[in-house]
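A.B. asks: Mind having a look at this structure? Questions to follow.
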Amino acid sequence: MPAEVKVEAKSAQFASPPLTERQEARRRRILHASAQLAGRGGFDAVQMREVAESSQVALGTLYRYFPSKVHLLVATMQDQLDHMHGTLRKKPPAGETAAERVAETLMRAFRALQREPHLADAMVRALTFADRSVSPEVDQVSRQTTAIILDAMGLDDPTPAQLSAVRVIEHTWHSALITWLSGRASIAQVKVDIETVCRLIDLTDPGETAAAKRA
């Protein structure tokens, strides 16, 4: 059994039981309240007591779902990415190559975050502040980002080299968000960086590699 499968199987063994319909509805209200507060005032505007009041849950209940503001905002980012993924599936990128499709996908995701700069800043700051206790939520964000990129590439069974390229692309996208949010990079610079790193996809494509060797 591959190492990745073993890890997933072990994680599933200790996973929390699925939420009931009522619990899921409550969780969605909490995430919606978190996104609204962050969208209005950024990281500092998300106060757990206000989130509880806005989502109509007891403060103790909120803490059972999310032990801290960082847990909550990282989960909010995962929820936002999940929504983006659904939108992208309805309207897939139109690029001719995998690299072009991934670059287009990431720039569409970036522009969606650009429309809510305070929310984007709050979520990215939460990722930056996250310690080991938030690892499950951070891992979920990473898995969601990976799934978005692999969908754009059109891959169901990526090679280790392709997964490595995807990780580098994820790191670059996250770094580009940070530099843009801090005012150290323009949108044009972000686009260039994303398009540049996405060329790694061509270097890890088995078909392209084989063709280059024959040439």
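Letters for chains follow the order of the structure tokens (A, B, ...), residue numbers begin at 1 for each chain, and ligand numbers begin at 1 in the order shown.
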For Gln144 of chain A, find every residue with an atom within 7 Å (counting only C-alpha atoms), except residues of its own chain fewer than 3 positions away, and show them as a PyMOL selection string.
C.D. replies: chain A and resi 81-82+140-141+147-148
A.B. asks: Go ahead and write the selection's residues with N, CA, C and O atoms as a CSV table (one decimal), in the first residue's frame.
C.D. replies:
```
chain,number,residue,atom,x,y,z
A,81,LEU,N,-12.7,28.0,-1.2
A,81,LEU,CA,-12.1,27.3,-2.2
A,81,LEU,C,-13.1,26.2,-2.8
A,81,LEU,O,-13.1,26.0,-4.0
A,82,ASP,N,-13.9,25.6,-1.9
A,82,ASP,CA,-14.8,24.6,-2.3
A,82,ASP,C,-15.9,25.3,-3.3
A,82,ASP,O,-16.3,24.7,-4.3
A,140,GLN,N,-6.6,20.4,4.6
A,140,GLN,CA,-7.8,20.4,3.8
A,140,GLN,C,-7.7,21.5,2.8
A,140,GLN,O,-8.1,21.3,1.6
A,141,VAL,N,-7.2,22.7,3.2
A,141,VAL,CA,-7.0,23.8,2.2
A,141,VAL,C,-6.1,23.3,1.1
A,141,VAL,O,-6.3,23.6,-0.1
A,147,ALA,N,-6.7,19.7,-5.7
A,147,ALA,CA,-7.8,19.2,-6.6
A,147,ALA,C,-8.2,20.2,-7.6
A,147,ALA,O,-8.5,19.8,-8.8
A,148,ILE,N,-8.2,21.5,-7.3
A,148,ILE,CA,-8.5,22.5,-8.3
A,148,ILE,C,-7.5,22.5,-9.4
A,148,ILE,O,-7.9,22.5,-10.6
```
A.B. asks: Per residue of segment 47-123 of chain A within 10 Å of segment 151-164 of chain A, what are the shortest atom pair and its distance in Å to one decimal, counting only C-alpha atoms, with rows by chain and residue number, as a Markdown table?
C.D. replies:
```
| residue | atom | partner | partner_atom | distance |
| --- | --- | --- | --- | --- |
| A:His85 | CA | A:Asp151 | CA | 9.1 |
| A:Leu88 | CA | A:Ala152 | CA | 8.7 |
| A:Arg89 | CA | A:Asp151 | CA | 8.3 |
| A:Pro92 | CA | A:Ala152 | CA | 7.3 |
| A:Pro93 | CA | A:Ala152 | CA | 6.8 |
| A:Ala94 | CA | A:Ala152 | CA | 9.4 |
| A:Gly95 | CA | A:Ala152 | CA | 9.3 |
| A:Thr97 | CA | A:Met153 | CA | 8.1 |
| A:Ala98 | CA | A:Met153 | CA | 4.6 |
| A:Ala99 | CA | A:Met153 | CA | 7.2 |
| A:Glu100 | CA | A:Met153 | CA | 9.0 |
| A:Arg101 | CA | A:Ala152 | CA | 5.6 |
| A:Val102 | CA | A:Ala152 | CA | 5.3 |
| A:Ala103 | CA | A:Ala152 | CA | 8.9 |
| A:Glu104 | CA | A:Ala152 | CA | 8.8 |
| A:Thr105 | CA | A:Ala152 | CA | 6.8 |
| A:Leu106 | CA | A:Ala152 | CA | 9.4 |
```
A.B. asks: Do a neighbour search on Gln47 of chain A at 10 Å with only C-alpha atoms, toss out local chain neighbours closer than 6 positions, and write the hits as a ChimeraX atom specification.
C.D. replies: /A:34,37-38,68-69
A.B. asks: For Glu137 of chain A, please output as a list of chain:residue names all residues within 10 Å (counting only C-alpha atoms; exclusion window: fewer than 5 positions along the same chain).
C.D. replies: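 Counting only C-alpha atoms, the residues come to A:Val70, A:His71, A:Leu72, A:Leu73, A:Val74, A:Ala75, A:Thr76, A:Met77, A:Gln78, A:Leu127, A:Ala130, A:Arg132, A:Ser142, A:Arg143.
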A.B. asks: Limited to C-alpha atoms, could you put the picked residues into a file as a PDB file, in the first residue's frame?
C.D. replies:
```
ATOM      1  CA  VAL A  70      -7.491  30.769  13.283  1.00  0.00           C
ATOM      2  CA  HIS A  71      -9.262  27.385  13.014  1.00  0.00           C
ATOM      3  CA  LEU A  72     -12.404  29.213  11.904  1.00  0.00           C
ATOM      4  CA  LEU A  73     -10.745  31.373   9.257  1.00  0.00           C
ATOM      5  CA  VAL A  74      -8.746  28.502   7.781  1.00  0.00           C
ATOM      6  CA  ALA A  75     -12.010  26.529   7.544  1.00  0.00           C
ATOM      7  CA  THR A  76     -13.561  29.614   5.929  1.00  0.00           C
ATOM      8  CA  MET A  77     -10.823  29.567   3.290  1.00  0.00           C
ATOM      9  CA  GLN A  78     -11.485  25.889   2.622  1.00  0.00           C
ATOM     10  CA  LEU A 127      -2.944  30.311   7.328  1.00  0.00           C
ATOM     11  CA  ALA A 130      -1.690  28.415  11.993  1.00  0.00           C
ATOM     12  CA  ARG A 132       0.169  22.291  14.475  1.00  0.00           C
ATOM     13  CA  SER A 142      -3.999  22.229   0.500  1.00  0.00           C
ATOM     14  CA  ARG A 143      -5.992  19.209  -0.731  1.00  0.00           C
TER      15      ARG A 143
END
```
